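Student: Before I ask anything, here is the structure I am working with.
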Number of protein chains: 4
Amino acid sequence: MKKLWGGRFKGSTNKQCEDYTASIQVDKRLYAYDIAGSIAHATMLAKSRIISKKEAAGIKAGLKSILKEIEAGKFIFKQTDEDIHMAIEKKLIAKIGPVGEKLHTARSRNDQVLLDVRLFLRSETEDIIKGIAQLQKVLLNVAEKNIKVVMPGYTHMQHAQPILFSHYIMAYYYMLKRDKARFAECLGRTNVLPLGVGALAGVNYPVRREFTAKLLNFPKVSENSVDTVSDRDFIIEFLAVSSILIMHLSRLAEELVLWSSSEFEFVELADAFCTGSSIMPQKKNPDVAELIRGKSGKIYGNLMALLTLLKGLPLSYNRDLQEDKGPLFDTVDTVNDTLAITGELVRTMKVCSNNMAQKIAKGLMEATDIADYLVLKGIPFRQAHFVVGSLVKYCLEQHKDFHDLKLAEYRQFSPKFNQDIFSFIKIENCLKRKKSTGGTAPLQVLAGIKKEQKELS
Amino acid sequence: MKKLWGGRFKGSTNKQCEDYTASIQVDKRLYAYDIAGSIAHATMLAKSRIISKKEAAGIKAGLKSILKEIEAGKFIFKQTDEDIHMAIEKKLIAKIGPVGEKLHTARSRNDQVLLDVRLFLRSETEDIIKGIAQLQKVLLNVAEKNIKVVMPGYTHMQHAQPILFSHYIMAYYYMLKRDKARFAECLGRTNVLPLGVGALAGVNYPVRREFTAKLLNFPKVSENSVDTVSDRDFIIEFLAVSSILIMHLSRLAEELVLWSSSEFEFVELADAFCTGSSIMPQKKNPDVAELIRGKSGKIYGNLMALLTLLKGLPLSYNRDLQEDKGPLFDTVDTVNDTLAITGELVRTMKVCSNNMAQKIAKGLMEATDIADYLVLKGIPFRQAHFVVGSLVKYCLEQHKDFHDLKLAEYRQFSPKFNQDIFSFIKIENCLKRKKSTGGTAPLQVLAGIKKEQKELS
Amino acid sequence: MKKLWGGRFKGSTNKQCEDYTASIQVDKRLYAYDIAGSIAHATMLAKSRIISKKEAAGIKAGLKSILKEIEAGKFIFKQTDEDIHMAIEKKLIAKIGPVGEKLHTARSRNDQVLLDVRLFLRSETEDIIKGIAQLQKVLLNVAEKNIKVVMPGYTHMQHAQPILFSHYIMAYYYMLKRDKARFAECLGRTNVLPLGVGALAGVNYPVRREFTAKLLNFPKVSENSVDTVSDRDFIIEFLAVSSILIMHLSRLAEELVLWSSSEFEFVELADAFCTGSSIMPQKKNPDVAELIRGKSGKIYGNLMALLTLLKGLPLSYNRDLQEDKGPLFDTVDTVNDTLAITGELVRTMKVCSNNMAQKIAKGLMEATDIADYLVLKGIPFRQAHFVVGSLVKYCLEQHKDFHDLKLAEYRQFSPKFNQDIFSFIKIENCLKRKKSTGGTAPLQVLAGIKKEQKELS
Amino acid sequence: MKKLWGGRFKGSTNKQCEDYTASIQVDKRLYAYDIAGSIAHATMLAKSRIISKKEAAGIKAGLKSILKEIEAGKFIFKQTDEDIHMAIEKKLIAKIGPVGEKLHTARSRNDQVLLDVRLFLRSETEDIIKGIAQLQKVLLNVAEKNIKVVMPGYTHMQHAQPILFSHYIMAYYYMLKRDKARFAECLGRTNVLPLGVGALAGVNYPVRREFTAKLLNFPKVSENSVDTVSDRDFIIEFLAVSSILIMHLSRLAEELVLWSSSEFEFVELADAFCTGSSIMPQKKNPDVAELIRGKSGKIYGNLMALLTLLKGLPLSYNRDLQEDKGPLFDTVDTVNDTLAITGELVRTMKVCSNNMAQKIAKGLMEATDIADYLVLKGIPFRQAHFVVGSLVKYCLEQHKDFHDLKLAEYRQFSPKFNQDIFSFIKIENCLKRKKSTGGTAPLQVLAGIKKEQKELS
């Protein structure tokens, strides 16, 4: 079957070659953007008097009817059509005749495909930004609802200092805030019109790229034709930003898995978001959290795929670049789905504050506060740290907790200890004192939640 | 809808969760292996008297009829069935009643899924090894057919020394030879029976794993149940070996792209394996070679995906591991297709020996031979190198070639030069001298081709 | 030897453990930032009346004298000191006595190390932004100086359309413009004060983080203590942005390697930036360009290293995070050096315009213009494309160029061809017509150069 | 300063270029292999009568004295010497005069550097294999010593079935067994002589490569000169195999971190292998385990670096390849150190069997055994699973354990339950029954330990 570009070729394309090079099964997903782009292109061609208004009208009507056909599931995507751009152009010509052959004036597939991808990614990035905000809302709600819950704070997976559970949840909130900013900046670089640069050199017609940009709501047009068709920065950047987001979610997912374990029991995931075992009847597994954690693998892989693709590639367009779509589409879908389900998983989980409270008793987590107590009594911090270190060793040997100790025992380690140590190391006091910006003091955390609630809405 | 494992759950699984966790659209591809594995399992259960022979016969008949149904395209894969294993087991029970409920005795999905994947990958790896051998044959043919063609050899992309084109092609042959060895070794570690270790601990029945292994043609059974269900080494190793292979092909593809350029014109790719431009009527593009080069991106990405997945994952089975299939299947398909089309591309290309011959004249490529000439006349190599360096500088300034120089000119640089220098630096003599193992001397290269032809067949 | 944190430990640290965990040989590089941070911290402690002004003065004097000692090369960095933070604090105590033991009040190594790294990276990112601008200037100069040079434009490494060499060079300019924007945005997220959040929970003292921020010129303070010590986003983001930059440079380097080859001869690199061969006296190799291309490997690897590190890591600080510094430092150095040498390499290369001019004659690059000629005469583009495709086939068979054809020959393919075709396809006219935004028309390109020159300065 | 290859160059190398291209600060580490290789080369040159025996003796004496000088720390490595090969050759000529200029006859740096790297990696791989065996011995000892310790087995981080702690430890043993096999196979492909192929084409002398191979203990010589100097497969393969090993260790490290937590308390790491906090006096952190886990990042990164480096690189030698050494050396060191310290960490940890025993009581881990009990009484497994699922739900509602239930309660779910259920679900019986190959039955596990002890020694 003759290709639209087949004039200079002898014979037809080998079937194996056709299969290997065809991208239509992947890029057919872009149909709506391809048609919207072509409609704008035809409008501009008419405006610039490159085609007549009547021709433009015919083309646009044809394109709209193809759109309907596709959406009705009646359009057959054929391997021999190579890609969505050729499939639609061919169909248009079949539908409206020679006028259809004018659509591809003053453009190339090289700029057309970029237009489609940029339109697609602009829309998806906007959705992802909304998806992040949605997850942030869930976190704010969970944080607000559990403002009184205290949990052990960890460093090195060891009990470190008591903190508010809400404070912990808000840590993820702030990560997502950075993610949102990154997606927004990346969107700014995606939102640039590529159409009108032709294959690589510009076009021979008096096109008005700024007009097309306005039609398609692009605030900028690209500045250099060679760069335009060679550039996939905006995709790599999107994948990098997605990798950081999914990394954040993998950390949260890891915590949900741990917190759901028999050893922690900090949260209980909803039955509706867990699955069972084919062999072990008692199992209720945090599969969703595990899969969220695991999705990091392929998103990182997608980023690496694109970086590898572009490495050492001479300008301008090379067919290698066709391989950008698989990793991009997969990432868009995974990020969207993962954001949505993470929100549901967190929203429906039960927070087991009693279990957290029990664990706080373990690990001598008030040690830092005791050292600071001594500092307030005039002992240099480094000495105070050492004194408390010895006190810790004593507690471990005696299997005692700080709250079990008598004042006399404290005094064996420093004469600075007084009766007020007992009140000083009450958990609520430990928390309250940490009130400078970013600290876990309840008032501080609550103010943060309120501030962010306002900002989000 | 109640899940087969749903006994302990209240309510049903959330739809969003079901979609996020279901793998059936991906792993349905394993159906034939799943059924073959279940047939062997049922046979073993009967042999070990865990079920009766009659029950086994019923199960096997049921499974075979499901196989037919799937192959006839009549089996409907439902998202609610989660995965191919559950889909088939459910269908079996629907088909043959309570006896079907006995099939999952003494196994878990954890070992079952590994059985399926190992059977699949064993078969695919064998195919890939054949595919490599096929490509090697093409290379041997091209090398043999073009045994007289001389080309410029490059280092740093600069003309270095003349070599046989066949010798160059054989470089790729030997790379593929190592690839084949790596796949074969990897296959050895894939070819191990996992079934019979249950969920993670072994099973409560007197199963005969060695018998199942024999039925399914596995030379070994796995040695530790916890390791068995946690292990994805064989997949990562396959992806790593595939990455090296695809890297080799990306290098060949890069050369085909360069060689097809207007600047090189060393080869002419067949029209049937090239495509044109939507806008530039003269274009004939080496798309297939570009795509081969570009495929490296996703294969590397797939390897990185799996390595990331496994990083820091506690034993034993975790749901994250479900994410192994996407990258594996994609790699298997890409490697198979790419091997096949590379062979066709190379087989059908035209070697333009005249163009290569013209380029040999450029670049003063006989310089090393001249230095060696001086060494044979008693000058230490490092001095000879320096002398010839000066000679080179002279040639560049005079815009002359070594063959243009008069003996007197040579003698300005060293009195050791004699009339025999002219014969010494004839290309055919330069080639002939490089006859130690691995060198580009025609006899040496031809012997290598013959030896490898014998070995391959 | 007793550690500063050793109070609760029995016995001393194992030597092998000390070696494995020590980071001082890597992080000693941060000394100046560590001292600057400690000086600001001491100032704030005094301001907040946590220590006395006199104590602060003593601490600051001590720190300054340590700074001098290090810069004079007299400070001995010992493995037993673990890291630069401990080494300096220990030295301070040794120098000024117990007052030195007050410095670590109200801070932890967890926030301290982040302060050092953020100060370091802020400074380095600013340098990199300057380095990019410097390279951009070189490109602008080369583009301006060679504004009349025409080269073959490539797609798929095949001759596509003639373009200005300057236009090609400007493509890299615009890539770098995006890189600069990305680094600037990333800098915004790096430039946030972490100090004052303690180990993970906030601190027990009335610290004024906003005051410290002012002292150290940070426009913002971090908002959540748990997030602050767990976060390495700013490093990953820096590595991702660096990966895109180095990818751009790898593409340029690839072109320089190709352009320096005997087959292209588009540029001649300066002798001072090339090296020779140990064995082949004639060789002049573009080593620098090859190494630039190759550096992409390790920068990508560094990005992957950090993404892997963070994957699935529970909050808050974990020692894994210490591994962030190697990849970060290596990337900073590589990017700085590579930007600088790329500029020199491009600045000193000779542009061989004659060779480019010769190549333009090959490849029938005016085909698109001829199709557009027919469009202007009323033929729909897709038909025009086909007509010219046939014309191309004719030229290939006749071994003729478009300029060799007689009008009668043109007319065999379309009666629309007239005498004006010969002027239409003159290279200068082909270029001039491509004058819409981003096109290769000389006036357009020059205007772009002028605009960017103004913007840069 | 004039380079040894400087004959054809005007002026000297730019300083910045010299710094950017020099590799001596990295590759000086190869000095001993470079000298050993040169000694063998000189011996072969004499044997093949390319130089005289006396000359060879002089060269060898010179090389040995350089070796001593380096080992005594008296050799100054200068940036202007580019790399270790040039540095030693230059020194040799300075030491022994013109005879030294004969050493580089019939070889190139391209084959020389590969010789050095292959000798280096051969030696290091042998060490790593020993290091793995050493770690395996530690695991065998820990497994044997704790053969009676029972722990909860996990899937999805949820209590699944009770298993022997030794069985769990042995899972890591078997992973390492595969790692060892992979390193051994990789070693086979490293252990091939590259020397004698010259720059890319072979050499002009009657070299006896097989003789050199014998001298240096290589079982094979490389088969194609172009392939030989272009090939870095053996390095990538080493990095891939190292990545799998470090992934295994990252999983073990993750478990050690979790097991050391307050929530698990399954093991207690030795004080000598832990470190404290700069601020929290009570902390004892599993830093070594965290760093082991974190090392995976850079090893994966190193693999990705090399794969990227080679992607799309035309043959034969390109300077990009110089970038192979950093990632290789870093990986070798990290793997060696990590193997050693993992062994020590595991060897010195205390196993807290009582804590494990307490946790076994939780999680209704006998559910699978109860289902199998019903199967033995004639109920199809899938039904039995469902029945026990309901029983589990009952236990959860009643806050009861299987051991708390009365027979009557069991019978509410199935009349098949009899008095023997109580003995059937005793942990020791649950374990004993899992005795087929790879199961956790104590006799089975012990036999495995014994078998492997024998194999290792």
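In the structure tokens, each chain is lettered A, B, ... as it comes, each chain's residues begin at 1, and ligands are numbered from 1 in order of appearance.
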Taking only C-alpha atoms into account, find every residue of chain C that has an atom no more than 6 Å from chain A, and write it out as a PyMOL selection string.
Tutor: chain C and resi 7-8+101-102+105+155-156+171+201-204+223-227+247+250-251+254-255+311-314+316-318+380-382+386+389-390+392-393+433-434+438-440
Student: Save out the residues we just selected, C-alpha atoms, as a PDB file, in the first residue's frame.
Tutor:
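Output below, filename out32.pdb:
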```pdb
ATOM      1  CA  GLY C   7      27.686   8.376  76.893  1.00  0.00           C
ATOM      2  CA  ARG C   8      25.372   5.384  76.601  1.00  0.00           C
ATOM      3  CA  GLU C 101      30.378  22.559  74.399  1.00  0.00           C
ATOM      4  CA  LYS C 102      27.534  25.038  74.156  1.00  0.00           C
ATOM      5  CA  THR C 105      22.713  23.624  71.827  1.00  0.00           C
ATOM      6  CA  THR C 155      16.790  14.846  10.069  1.00  0.00           C
ATOM      7  CA  HIS C 156      17.428  11.139  10.600  1.00  0.00           C
ATOM      8  CA  ALA C 171      19.506  25.673  18.818  1.00  0.00           C
ATOM      9  CA  ALA C 201      10.885  17.344  66.143  1.00  0.00           C
ATOM     10  CA  GLY C 202      11.936  20.925  66.640  1.00  0.00           C
ATOM     11  CA  VAL C 203      13.992  22.101  69.615  1.00  0.00           C
ATOM     12  CA  ASN C 204      13.355  22.890  73.255  1.00  0.00           C
ATOM     13  CA  GLU C 223       8.052  24.585  57.423  1.00  0.00           C
ATOM     14  CA  ASN C 224       8.039  21.144  59.012  1.00  0.00           C
ATOM     15  CA  SER C 225      10.786  19.615  61.094  1.00  0.00           C
ATOM     16  CA  VAL C 226      10.186  15.993  60.105  1.00  0.00           C
ATOM     17  CA  ASP C 227      10.131  16.862  56.428  1.00  0.00           C
ATOM     18  CA  MET C 247      22.431  15.454  27.857  1.00  0.00           C
ATOM     19  CA  SER C 250      26.430  15.189  24.961  1.00  0.00           C
ATOM     20  CA  ARG C 251      24.449  15.986  21.810  1.00  0.00           C
ATOM     21  CA  GLU C 254      28.465  14.053  19.390  1.00  0.00           C
ATOM     22  CA  GLU C 255      28.127  16.605  16.635  1.00  0.00           C
ATOM     23  CA  LYS C 311      12.983   4.923  47.340  1.00  0.00           C
ATOM     24  CA  GLY C 312      10.815   3.517  50.101  1.00  0.00           C
ATOM     25  CA  LEU C 313      12.836   5.129  52.885  1.00  0.00           C
ATOM     26  CA  PRO C 314      10.713   5.774  55.964  1.00  0.00           C
ATOM     27  CA  SER C 316      12.757  10.886  59.190  1.00  0.00           C
ATOM     28  CA  TYR C 317      16.561  10.912  59.047  1.00  0.00           C
ATOM     29  CA  ASN C 318      18.200   7.606  58.138  1.00  0.00           C
ATOM     30  CA  PRO C 380      -2.573  20.695  -2.957  1.00  0.00           C
ATOM     31  CA  PHE C 381       0.467  19.984  -0.822  1.00  0.00           C
ATOM     32  CA  ARG C 382       0.032  16.244  -0.594  1.00  0.00           C
ATOM     33  CA  PHE C 386       4.044  13.127  -4.556  1.00  0.00           C
ATOM     34  CA  GLY C 389       8.838  12.446  -4.983  1.00  0.00           C
ATOM     35  CA  SER C 390       8.701  11.229  -8.567  1.00  0.00           C
ATOM     36  CA  VAL C 392      13.452  12.869  -6.920  1.00  0.00           C
ATOM     37  CA  LYS C 393      13.298   9.309  -8.206  1.00  0.00           C
ATOM     38  CA  ARG C 433      11.629  32.422   2.780  1.00  0.00           C
ATOM     39  CA  LYS C 434      11.773  30.700   6.161  1.00  0.00           C
ATOM     40  CA  GLY C 438      11.966  30.392  14.734  1.00  0.00           C
ATOM     41  CA  GLY C 439      12.815  29.901  11.042  1.00  0.00           C
ATOM     42  CA  THR C 440      16.272  29.851   9.514  1.00  0.00           C
TER      43      THR C 440
END
```
Student: Pull the helix (DSSP H, G or I) assignments for range 39-213 of chain B out of DSSP run on the backbone, and list those residues as a compact mmCIF listing (two decimals) with C-alpha atoms, in the first residue's frame.
Tutor:
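Output saved as out-v1.txt:
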```
# COMPACT_ATOMS: atom_id res chain seq x y z
CA ILE B 39 -1.69 -30.10 34.99
CA ALA B 40 1.70 -31.13 36.29
CA HIS B 41 0.70 -30.14 39.80
CA ALA B 42 -2.48 -32.22 39.64
CA THR B 43 -0.51 -35.18 38.30
CA MET B 44 1.92 -34.89 41.19
CA LEU B 45 -0.90 -34.55 43.73
CA ALA B 46 -2.36 -37.81 42.48
CA LYS B 47 1.02 -39.54 42.38
CA LYS B 53 -6.31 -40.33 40.21
CA LYS B 54 -9.88 -39.75 39.17
CA GLU B 55 -9.92 -36.30 40.65
CA ALA B 56 -6.68 -35.51 38.87
CA ALA B 57 -8.11 -36.72 35.59
CA GLY B 58 -11.17 -34.50 36.04
CA ILE B 59 -9.02 -31.50 36.85
CA LYS B 60 -6.78 -32.09 33.86
CA ALA B 61 -9.67 -32.47 31.48
CA GLY B 62 -11.17 -29.27 32.82
CA LEU B 63 -7.90 -27.41 32.40
CA LYS B 64 -7.46 -28.62 28.86
CA SER B 65 -10.91 -27.47 27.93
CA ILE B 66 -10.14 -24.04 29.42
CA LEU B 67 -6.97 -23.93 27.34
CA LYS B 68 -9.00 -24.56 24.21
CA GLU B 69 -11.48 -21.92 25.18
CA ILE B 70 -8.76 -19.33 25.65
CA GLU B 71 -7.07 -20.23 22.40
CA GLN B 79 -10.80 -7.42 36.16
CA THR B 80 -12.57 -8.95 39.16
CA ASP B 81 -10.64 -12.16 38.62
CA ILE B 84 -4.68 -15.31 35.38
CA HIS B 85 -4.25 -17.83 38.19
CA MET B 86 -7.50 -16.92 39.91
CA ALA B 87 -9.33 -16.59 36.59
CA ILE B 88 -8.44 -20.13 35.59
CA GLU B 89 -9.06 -21.67 39.00
CA LYS B 90 -12.46 -20.01 39.21
CA LYS B 91 -13.39 -21.18 35.76
CA LEU B 92 -12.25 -24.69 36.61
CA ILE B 93 -14.50 -24.80 39.66
CA ALA B 94 -17.38 -23.46 37.60
CA LYS B 95 -16.73 -26.14 35.03
CA ILE B 96 -16.08 -29.27 37.10
CA GLY B 97 -17.48 -28.42 40.52
CA PRO B 98 -15.96 -29.11 43.97
CA VAL B 99 -13.19 -31.30 42.59
CA GLY B 100 -11.79 -28.14 41.07
CA GLU B 101 -11.47 -26.75 44.56
CA LYS B 102 -8.80 -29.34 45.22
CA ARG B 109 -0.06 -18.16 44.21
CA ASN B 110 3.42 -17.17 45.37
CA ASP B 111 5.03 -20.30 43.98
CA GLN B 112 2.51 -20.68 41.16
CA VAL B 113 3.24 -17.31 39.62
CA LEU B 114 6.94 -18.05 39.73
CA LEU B 115 6.36 -21.35 37.98
CA ASP B 116 4.49 -19.60 35.19
CA VAL B 117 7.11 -16.89 34.78
CA ARG B 118 9.98 -19.36 34.83
CA LEU B 119 8.30 -21.55 32.21
CA PHE B 120 7.61 -18.49 30.09
CA LEU B 121 11.09 -17.06 30.39
CA ARG B 122 12.74 -20.40 29.75
CA SER B 123 10.90 -20.65 26.48
CA GLU B 124 11.56 -17.05 25.51
CA THR B 125 15.23 -17.24 26.39
CA GLU B 126 15.60 -20.28 24.17
CA ASP B 127 13.98 -18.30 21.36
CA ILE B 128 16.26 -15.35 21.94
CA ILE B 129 19.30 -17.60 21.79
CA LYS B 130 18.05 -18.86 18.46
CA GLY B 131 17.39 -15.30 17.34
CA ILE B 132 20.95 -14.33 18.17
CA ALA B 133 22.29 -17.29 16.22
CA GLN B 134 20.14 -16.24 13.29
CA LEU B 135 21.58 -12.74 13.34
CA GLN B 136 25.06 -14.19 13.65
CA LYS B 137 24.46 -16.19 10.49
CA VAL B 138 23.51 -13.05 8.63
CA LEU B 139 26.68 -11.36 9.84
CA LEU B 140 28.79 -14.35 8.79
CA ASN B 141 27.23 -14.26 5.35
CA VAL B 142 27.77 -10.55 4.93
CA ALA B 143 31.34 -10.91 6.16
CA GLU B 144 32.09 -13.78 3.83
CA LYS B 145 30.49 -12.14 0.81
CA PHE B 165 34.92 -4.57 6.30
CA SER B 166 34.40 -8.24 7.12
CA HIS B 167 36.64 -7.89 10.13
CA TYR B 168 34.48 -5.03 11.34
CA ILE B 169 31.30 -7.01 10.84
CA MET B 170 32.85 -9.92 12.69
CA ALA B 171 33.44 -7.65 15.70
CA TYR B 172 29.65 -7.64 16.10
CA TYR B 173 29.56 -11.37 15.60
CA TYR B 174 31.85 -11.89 18.57
CA MET B 175 29.84 -9.53 20.75
CA LEU B 176 26.77 -11.63 20.01
CA LYS B 177 28.72 -14.75 20.88
CA ARG B 178 29.23 -13.42 24.38
CA ASP B 179 25.57 -12.42 24.54
CA LYS B 180 24.55 -15.95 23.69
CA ALA B 181 26.76 -17.34 26.43
CA ARG B 182 25.26 -14.93 28.94
CA PHE B 183 21.69 -15.84 28.01
CA ALA B 184 22.54 -19.51 28.28
CA GLU B 185 23.96 -19.12 31.76
CA CYS B 186 21.03 -17.01 32.83
CA LEU B 187 18.73 -19.69 31.47
CA GLY B 188 20.42 -22.17 33.79
CA ARG B 189 19.30 -20.13 36.78
CA THR B 190 15.80 -19.61 35.36
CA ARG B 209 8.77 -31.65 43.97
CA GLU B 210 11.36 -33.68 42.08
CA PHE B 211 8.55 -35.49 40.31
CA THR B 212 6.88 -32.21 39.27
CA ALA B 213 10.27 -31.01 38.07
```
Student: Could you pull out the strand (DSSP E) residues of range 163-351 of chain B from DSSP and send them as a ChimeraX atom specification?
Tutor: /B:163-164,192-193,220-221,267-268,350-351
Student: Please, could you write that set of residues out with C-alpha atoms as a tab-separated table (two decimals), in the first residue's frame?
Tutor:
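Listed below is the output, again-v9.tsv:
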```tsv
chain	number	residue	atom	x	y	z
B	163	ILE	CA	40.77	-2.81	7.95
B	164	LEU	CA	38.61	-5.39	6.26
B	192	VAL	CA	14.66	-24.23	38.43
B	193	LEU	CA	11.31	-25.48	39.74
B	220	LYS	CA	16.63	-28.62	39.51
B	221	VAL	CA	14.23	-27.72	42.30
B	267	VAL	CA	25.99	1.22	2.81
B	268	GLU	CA	22.63	1.71	1.19
B	350	LYS	CA	24.01	-2.87	-0.13
B	351	VAL	CA	27.69	-2.50	0.74
```
Student: What separation in Å, quoted to one decimal, exists between CA of Ile76 in chain C and CA of Ser38 in chain C?
Tutor: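 CA of Ile76 in chain C sits 19.6 Å away from CA of Ser38 in chain C.
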Student: Could you tell me which of A:Glu82, A:Asn146, A:Lys450, A:Ala289 comes closest to Thr13 in chain A if we count only C-alpha atoms?
Tutor: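 Of A:Glu82, A:Asn146, A:Lys450, A:Ala289, the one nearest Thr13 in chain A, counting only C-alpha atoms, is A:Glu82.
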Student: Quick check, in Å to one decimal: how far apart do CA of Ile341 in chain C and CA of Glu323 in chain D lie?
Tutor: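 That distance, rounded to one decimal, is 16.7 Å.
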Student: With only C-alpha atoms as the counted atoms, please give the residues lying no more than 6 Å from Gly276 in chain A, apart from itself and same-chain residues fewer than 2 positions off, as a ChimeraX atom specification.
Tutor: /A:283-285 /B:5
